[in-house]
Number of protein chains: 2
Amino acid sequence: MQIALDAMGGDHGPQELIAGAILAADQFDTDICLVGDEQLLKKHLESISPQQNSVSRLKIVHAATSVGMDENPVDAIRKKKDSSIMVAFDLVKNGEASAVVSAGNSGATLAAGVRKLGRLKNVARPGLASIFPTMKGPVVVMDVGANVECRPVHLYQFAVMASAFSKLYDVDRPRVGLLTIGEESGKGNSLVKETYELLEQSDLNFIGNVEGRDVFQGDVDVIVCDGFVGNICLKISEGLAEALMKMLKDEIVKSNFAKLGYLLAKPAFDKFRKRVDYAEYGGAPLLGIKGTGIICHGKSNAQAIKNAISVAIEMEKLGINDFISRTLKRGISNRAEAI
Amino acid sequence: MQIALDAMGGDHGPQELIAGAILAADQFDTDICLVGDEQLLKKHLESISPQQNSVSRLKIVHAATSVGMDENPVDAIRKKKDSSIMVAFDLVKNGEASAVVSAGNSGATLAAGVRKLGRLKNVARPGLASIFPTMKGPVVVMDVGANVECRPVHLYQFAVMASAFSKLYDVDRPRVGLLTIGEESGKGNSLVKETYELLEQSDLNFIGNVEGRDVFQGDVDVIVCDGFVGNICLKISEGLAEALMKMLKDEIVKSNFAKLGYLLAKPAFDKFRKRVDYAEYGGAPLLGIKGTGIICHGKSNAQAIKNAISVAIEMEKLGINDFISRTLKRGISNRAEAI
């Protein structure tokens, strides 16, 4: 198996990405193509001790340009056909790699993946899933930003795709919830009400509506919503977690007793951080394309990149895409298309 | 000034609500009508020491029934015309009270307020605002659940109403942000894009789009969104804050060192909790009705009730409703109505 890593994306630069690639090559027995500026990447690779055997499993594929974090995604992939993210998806298209992992401009990764690989059979709209940590296991939320305006059939298909993806967490009959603002079936906007009916008729393990407060309880494996709502949920959760930790720290540093207390409790804090750290969850899978694409947080460290590569490998091994196509073929999608 | 308190609502029962009323009567020199079952409330009042002078400022107004927390709001207020929440709003309608405070069924409070008092002049749709604590000051988010499907003019009016309300926090030219999924003006769904234009043309201090991650930064005073998105944001934030604290506690109790550390840091934890506690922010104002209604969390303790009463008093004193009507009259609402 070979994974294409966009070695030019992310906030920390190629060094951190390459470190992640080496961790992954070591641990998962996989080859990795580093896609980006050949001169630059060569220099980084040469600085790594050749004692690390797995360096030999890394290969550079040149790309003349790259997409900046703040560039308009659609413009960027139209103009920069030789950018690292486009070249990376080309490798998958040509059968030279099985998946792309990128911590670069997420809109550009999304657009490049859909443009280069196309939609999976029976999928109306590819989307982006995200794995949220909860009090129990992880929950897969989809869509988190690829599709701003959706119809009920899209949400139904997100439910199928996210359920398939949750195989990675050994969930057998994933419980699917529909994100809305009341528990009863009649609650929500018209999109939610119509989607409720579709999900109820489907073969999915649909448990009904879930509210915002249920997201982190861990009593549901898959949550579906449109990409507008999902992206706001993702960002508000990241922002709140950061703000809470900052505010707690502000109070702690005000007193020496509290600082001492914090030091004693630090291992607990560290375990807690690990439990809620996005880096542990390996990025957001782009589901519904003919291939595999994993979009990582711009802030991803080597550990996060390694985990994202692991997710890409698992998706391939478990045949998530085949499963999605098959389920949508025999599912209620034809009926749903009419809505 | 007289405030009507729905003494039958809330998870903790009348005792806690009455305790809040006494705190408020003491501190703000106000009279309070306790609305609910006369026999029951009398018994509670008699059990309170008459040394507390402010007990004399509490008066009971009888209501034969009350709306349960799980009842369907619209059905409940149609059938239970003699419920405590309906009687409370009657007091405002008849000029016997200036505001209603309720920790009961929030949907019923909302519906009763709108039904009994009607819309304020020039307001298309009343809505519910919520005050979120942030790293800096509070931010007023509107709508958080009253209006599930909105047009641009509604969001524009929410911006006007929430800006008026933020006078309570001594904010002079409140910075207004539009909640969406990208910073640039073209980002978001069609509702957001059209609302952007309206806000840009208005006299409001519109600072542009804000994303989920900006909500808790404190760099904006007012955030507008439709009630579907706003309610999910409110609930997901409450749920995440609770889950994070629970997970941190789980890790701390696993080790004696960490427990000791926690005890040393406890004053810092307590200050942090106070900083993010909804009880400090005095409930969610129902804006755009002919009168004042404050919806409190079901879990509200006496402190939260006292603070909600304080918000009701301040809204009256500052003439928030007059300000809203005047602003909407001279504003762009006529042009906006066309959208």
# chains A, B, ... in the order shown; residues from 1 in each chain; ligands from 1

$ select_by_dssp --residues "stretch 138-189 of chain B" --states "helix (DSSP H, G or I)" --output "VMD selection string"
chain B and resid 152 to 169

$ write_last_selection --atoms "N, CA and C atoms" --output "CSV table (one decimal), in the first residue's frame"
chain,number,residue,atom,x,y,z
B,152,PRO,N,-33.8,36.9,5.7
B,152,PRO,CA,-32.8,37.9,6.0
B,152,PRO,C,-33.3,39.0,6.9
B,153,VAL,N,-34.5,39.5,6.7
B,153,VAL,CA,-35.0,40.6,7.5
B,153,VAL,C,-35.1,40.2,9.0
B,154,HIS,N,-35.4,39.0,9.2
B,154,HIS,CA,-35.5,38.5,10.6
B,154,HIS,C,-34.1,38.6,11.3
B,155,LEU,N,-33.1,38.1,10.6
B,155,LEU,CA,-31.7,38.2,11.2
B,155,LEU,C,-31.3,39.6,11.4
B,156,TYR,N,-31.6,40.5,10.4
B,156,TYR,CA,-31.3,41.9,10.6
B,156,TYR,C,-32.0,42.4,11.8
B,157,GLN,N,-33.2,42.1,12.0
B,157,GLN,CA,-33.9,42.6,13.2
B,157,GLN,C,-33.4,42.0,14.5
B,158,PHE,N,-32.9,40.7,14.4
B,158,PHE,CA,-32.3,40.1,15.6
B,158,PHE,C,-31.0,40.9,16.0
B,159,ALA,N,-30.3,41.4,14.9
B,159,ALA,CA,-29.1,42.2,15.2
B,159,ALA,C,-29.4,43.5,15.9
B,160,VAL,N,-30.5,44.1,15.4
B,160,VAL,CA,-31.0,45.4,16.1
B,160,VAL,C,-31.4,45.1,17.5
B,161,MET,N,-32.2,44.1,17.7
B,161,MET,CA,-32.7,43.8,19.1
B,161,MET,C,-31.5,43.4,20.0
B,162,ALA,N,-30.7,42.5,19.6
B,162,ALA,CA,-29.6,42.1,20.4
B,162,ALA,C,-28.6,43.2,20.7
B,163,SER,N,-28.4,44.1,19.7
B,163,SER,CA,-27.5,45.3,19.9
B,163,SER,C,-28.1,46.2,21.0
B,164,ALA,N,-29.5,46.4,20.9
B,164,ALA,CA,-30.1,47.2,22.0
B,164,ALA,C,-30.0,46.5,23.3
B,165,PHE,N,-30.1,45.2,23.4
B,165,PHE,CA,-30.0,44.5,24.7
B,165,PHE,C,-28.6,44.6,25.2
B,166,SER,N,-27.6,44.7,24.4
B,166,SER,CA,-26.2,44.7,24.9
B,166,SER,C,-25.9,46.1,25.6
B,167,LYS,N,-26.8,47.0,25.6
B,167,LYS,CA,-26.7,48.2,26.4
B,167,LYS,C,-26.6,47.8,27.9
B,168,LEU,N,-27.1,46.7,28.3
B,168,LEU,CA,-27.0,46.2,29.7
B,168,LEU,C,-25.6,46.0,30.1
B,169,TYR,N,-24.7,45.7,29.1
B,169,TYR,CA,-23.3,45.5,29.4
B,169,TYR,C,-22.5,46.7,29.1

$ closest_atom_pairs --of "chain B" --to "chain A" --cutoff "7 Å" --atoms "only C-alpha atoms" --output "Markdown table"
| residue | atom | partner | partner_atom | distance |
| --- | --- | --- | --- | --- |
| B:Met135 | CA | A:Ala243 | CA | 6.3 |
| B:Val148 | CA | A:Asn189 | CA | 5.8 |
| B:Glu149 | CA | A:Asn189 | CA | 6.3 |
| B:Ile181 | CA | A:Ile232 | CA | 6.3 |
| B:Gly188 | CA | A:Val148 | CA | 6.7 |
| B:Asn189 | CA | A:Val148 | CA | 5.8 |
| B:Glu211 | CA | A:Ile232 | CA | 6.8 |
| B:Gly212 | CA | A:Ile236 | CA | 4.0 |
| B:Arg213 | CA | A:Gly239 | CA | 4.2 |
| B:Asp214 | CA | A:Gly239 | CA | 6.8 |
| B:Val215 | CA | A:Ile236 | CA | 6.7 |
| B:Phe216 | CA | A:Leu240 | CA | 6.0 |
| B:Phe228 | CA | A:Ile181 | CA | 6.5 |
| B:Val229 | CA | A:Val229 | CA | 6.4 |
| B:Asn231 | CA | A:Ile181 | CA | 6.4 |
| B:Ile232 | CA | A:Gly212 | CA | 4.8 |
| B:Cys233 | CA | A:Cys233 | CA | 6.7 |
| B:Lys235 | CA | A:Gly212 | CA | 4.5 |
| B:Ile236 | CA | A:Gly212 | CA | 4.0 |
| B:Ser237 | CA | A:Ser237 | CA | 6.9 |
| B:Glu238 | CA | A:Arg213 | CA | 6.4 |
| B:Gly239 | CA | A:Arg213 | CA | 4.2 |
| B:Leu240 | CA | A:Phe216 | CA | 6.0 |
| B:Ala243 | CA | A:Met135 | CA | 6.3 |
| B:Met247 | CA | A:Phe272 | CA | 6.6 |
| B:Leu248 | CA | A:Phe272 | CA | 5.6 |
| B:Glu251 | CA | A:Ala268 | CA | 5.0 |
| B:Ile252 | CA | A:Ala268 | CA | 5.3 |
| B:Phe257 | CA | A:Leu264 | CA | 5.6 |
| B:Ala258 | CA | A:Ala265 | CA | 3.8 |
| B:Lys259 | CA | A:Ala265 | CA | 7.0 |
| B:Leu260 | CA | A:Gly261 | CA | 6.9 |
| B:Gly261 | CA | A:Gly261 | CA | 3.5 |
| B:Tyr262 | CA | A:Gly261 | CA | 5.7 |
| B:Leu264 | CA | A:Gly261 | CA | 4.8 |
| B:Ala265 | CA | A:Ala258 | CA | 3.7 |
| B:Ala268 | CA | A:Glu251 | CA | 5.0 |
| B:Phe269 | CA | A:Leu248 | CA | 6.8 |
| B:Lys271 | CA | A:Glu251 | CA | 6.9 |
| B:Phe272 | CA | A:Leu248 | CA | 5.6 |

$ atom_distance --atom1 "atom CA of B:Leu41" --atom2 "atom CA of B:Ala108"
21.3 Å

$ select_by_dssp --residues "stretch 138-202 of chain A" --states "strand (DSSP E or B)" --output "number ranges by chain"
A: 139-142, 175-179

$ atom_distance --atom1 "atom CA of B:Gly104" --atom2 "atom CA of B:Gly10"
4.6 Å

$ closest_residue --among "A:Ala284, A:Gly137, A:Val123, A:Val114" --to "A:Ile305" --atoms "only C-alpha atoms"
A:Ala284

$ residues_around --residues "B:Leu199" --least-positions-apart "3" --cutoff "9 Å" --atoms "only C-alpha atoms" --output "ChimeraX atom specification"
/B:155-156,159,176,178,194-196,202-206,208

$ atom_distance --atom1 "atom CA of B:Val61" --atom2 "atom CA of B:Ser47"
18.1 Å

$ closest_residue --among "B:Leu58, B:Val92, B:Ile309, B:Val222" --to "B:Phe132" --atoms "only C-alpha atoms"
B:Val222

$ residues_around --residues "stretch 24-36 of chain B" --least-positions-apart "3" --cutoff "7 Å" --atoms "only C-alpha atoms" --output "ChimeraX atom specification"
/B:1-8,20-21,54,57-64,84,88,306,309

$ decode --residues "stretch 137-163 of chain B" --atoms "N, CA and C atoms" --output "PDB file, in the first residue's frame"
ATOM      1  N   GLY B 137     -15.562  39.828  27.435  1.00  0.00           N
ATOM      2  CA  GLY B 137     -16.886  40.064  28.014  1.00  0.00           C
ATOM      3  C   GLY B 137     -17.912  39.062  27.511  1.00  0.00           C
ATOM      4  N   PRO B 138     -19.183  39.267  27.863  1.00  0.00           N
ATOM      5  CA  PRO B 138     -20.231  38.386  27.349  1.00  0.00           C
ATOM      6  C   PRO B 138     -20.574  38.717  25.895  1.00  0.00           C
ATOM      7  N   VAL B 139     -21.109  37.758  25.174  1.00  0.00           N
ATOM      8  CA  VAL B 139     -21.602  38.018  23.817  1.00  0.00           C
ATOM      9  C   VAL B 139     -23.081  37.618  23.773  1.00  0.00           C
ATOM     10  N   VAL B 140     -23.890  38.455  23.114  1.00  0.00           N
ATOM     11  CA  VAL B 140     -25.321  38.188  22.999  1.00  0.00           C
ATOM     12  C   VAL B 140     -25.574  37.461  21.678  1.00  0.00           C
ATOM     13  N   VAL B 141     -26.074  36.241  21.753  1.00  0.00           N
ATOM     14  CA  VAL B 141     -26.347  35.456  20.545  1.00  0.00           C
ATOM     15  C   VAL B 141     -27.861  35.406  20.333  1.00  0.00           C
ATOM     16  N   MET B 142     -28.303  35.692  19.122  1.00  0.00           N
ATOM     17  CA  MET B 142     -29.740  35.706  18.837  1.00  0.00           C
ATOM     18  C   MET B 142     -29.959  35.279  17.389  1.00  0.00           C
ATOM     19  N   ASP B 143     -30.876  34.434  17.105  1.00  0.00           N
ATOM     20  CA  ASP B 143     -31.886  33.785  17.903  1.00  0.00           C
ATOM     21  C   ASP B 143     -31.382  32.408  18.373  1.00  0.00           C
ATOM     22  N   VAL B 144     -31.789  31.967  19.558  1.00  0.00           N
ATOM     23  CA  VAL B 144     -31.328  30.659  20.024  1.00  0.00           C
ATOM     24  C   VAL B 144     -32.467  29.644  20.130  1.00  0.00           C
ATOM     25  N   GLY B 145     -33.492  29.785  19.302  1.00  0.00           N
ATOM     26  CA  GLY B 145     -34.477  28.713  19.279  1.00  0.00           C
ATOM     27  C   GLY B 145     -35.915  29.105  19.016  1.00  0.00           C
ATOM     28  N   ALA B 146     -36.214  30.406  18.982  1.00  0.00           N
ATOM     29  CA  ALA B 146     -37.615  30.785  18.782  1.00  0.00           C
ATOM     30  C   ALA B 146     -38.035  30.661  17.317  1.00  0.00           C
ATOM     31  N   ASN B 147     -37.102  30.908  16.403  1.00  0.00           N
ATOM     32  CA  ASN B 147     -37.445  30.940  14.977  1.00  0.00           C
ATOM     33  C   ASN B 147     -36.563  29.981  14.186  1.00  0.00           C
ATOM     34  N   VAL B 148     -37.153  28.855  13.832  1.00  0.00           N
ATOM     35  CA  VAL B 148     -36.380  27.789  13.210  1.00  0.00           C
ATOM     36  C   VAL B 148     -36.055  28.115  11.754  1.00  0.00           C
ATOM     37  N   GLU B 149     -36.994  28.705  11.056  1.00  0.00           N
ATOM     38  CA  GLU B 149     -36.725  29.090   9.666  1.00  0.00           C
ATOM     39  C   GLU B 149     -36.848  30.614   9.582  1.00  0.00           C
ATOM     40  N   CYS B 150     -35.837  31.244   9.049  1.00  0.00           N
ATOM     41  CA  CYS B 150     -35.795  32.711   9.049  1.00  0.00           C
ATOM     42  C   CYS B 150     -35.541  33.266   7.656  1.00  0.00           C
ATOM     43  N   ARG B 151     -35.975  34.517   7.454  1.00  0.00           N
ATOM     44  CA  ARG B 151     -35.587  35.264   6.272  1.00  0.00           C
ATOM     45  C   ARG B 151     -34.551  36.311   6.686  1.00  0.00           C
ATOM     46  N   PRO B 152     -33.846  36.899   5.704  1.00  0.00           N
ATOM     47  CA  PRO B 152     -32.791  37.863   6.050  1.00  0.00           C
ATOM     48  C   PRO B 152     -33.282  38.999   6.946  1.00  0.00           C
ATOM     49  N   VAL B 153     -34.500  39.499   6.679  1.00  0.00           N
ATOM     50  CA  VAL B 153     -34.994  40.618   7.490  1.00  0.00           C
ATOM     51  C   VAL B 153     -35.105  40.221   8.960  1.00  0.00           C
ATOM     52  N   HIS B 154     -35.388  38.958   9.234  1.00  0.00           N
ATOM     53  CA  HIS B 154     -35.475  38.522  10.630  1.00  0.00           C
ATOM     54  C   HIS B 154     -34.106  38.594  11.299  1.00  0.00           C
ATOM     55  N   LEU B 155     -33.101  38.118  10.575  1.00  0.00           N
ATOM     56  CA  LEU B 155     -31.749  38.170  11.154  1.00  0.00           C
ATOM     57  C   LEU B 155     -31.288  39.615  11.352  1.00  0.00           C
ATOM     58  N   TYR B 156     -31.639  40.469  10.405  1.00  0.00           N
ATOM     59  CA  TYR B 156     -31.306  41.887  10.569  1.00  0.00           C
ATOM     60  C   TYR B 156     -31.963  42.438  11.840  1.00  0.00           C
ATOM     61  N   GLN B 157     -33.234  42.085  12.028  1.00  0.00           N
ATOM     62  CA  GLN B 157     -33.940  42.580  13.215  1.00  0.00           C
ATOM     63  C   GLN B 157     -33.371  41.973  14.504  1.00  0.00           C
ATOM     64  N   PHE B 158     -32.928  40.716  14.433  1.00  0.00           N
ATOM     65  CA  PHE B 158     -32.273  40.123  15.614  1.00  0.00           C
ATOM     66  C   PHE B 158     -31.024  40.941  15.977  1.00  0.00           C
ATOM     67  N   ALA B 159     -30.321  41.375  14.931  1.00  0.00           N
ATOM     68  CA  ALA B 159     -29.101  42.163  15.174  1.00  0.00           C
ATOM     69  C   ALA B 159     -29.445  43.469  15.883  1.00  0.00           C
ATOM     70  N   VAL B 160     -30.537  44.101  15.442  1.00  0.00           N
ATOM     71  CA  VAL B 160     -30.965  45.362  16.078  1.00  0.00           C
ATOM     72  C   VAL B 160     -31.368  45.099  17.533  1.00  0.00           C
ATOM     73  N   MET B 161     -32.159  44.054  17.745  1.00  0.00           N
ATOM     74  CA  MET B 161     -32.665  43.778  19.092  1.00  0.00           C
ATOM     75  C   MET B 161     -31.541  43.372  20.046  1.00  0.00           C
ATOM     76  N   ALA B 162     -30.657  42.526  19.558  1.00  0.00           N
ATOM     77  CA  ALA B 162     -29.555  42.074  20.424  1.00  0.00           C
ATOM     78  C   ALA B 162     -28.590  43.218  20.706  1.00  0.00           C
ATOM     79  N   SER B 163     -28.395  44.098  19.719  1.00  0.00           N
ATOM     80  CA  SER B 163     -27.536  45.271  19.939  1.00  0.00           C
ATOM     81  C   SER B 163     -28.143  46.161  21.020  1.00  0.00           C
TER      82      SER B 163
END
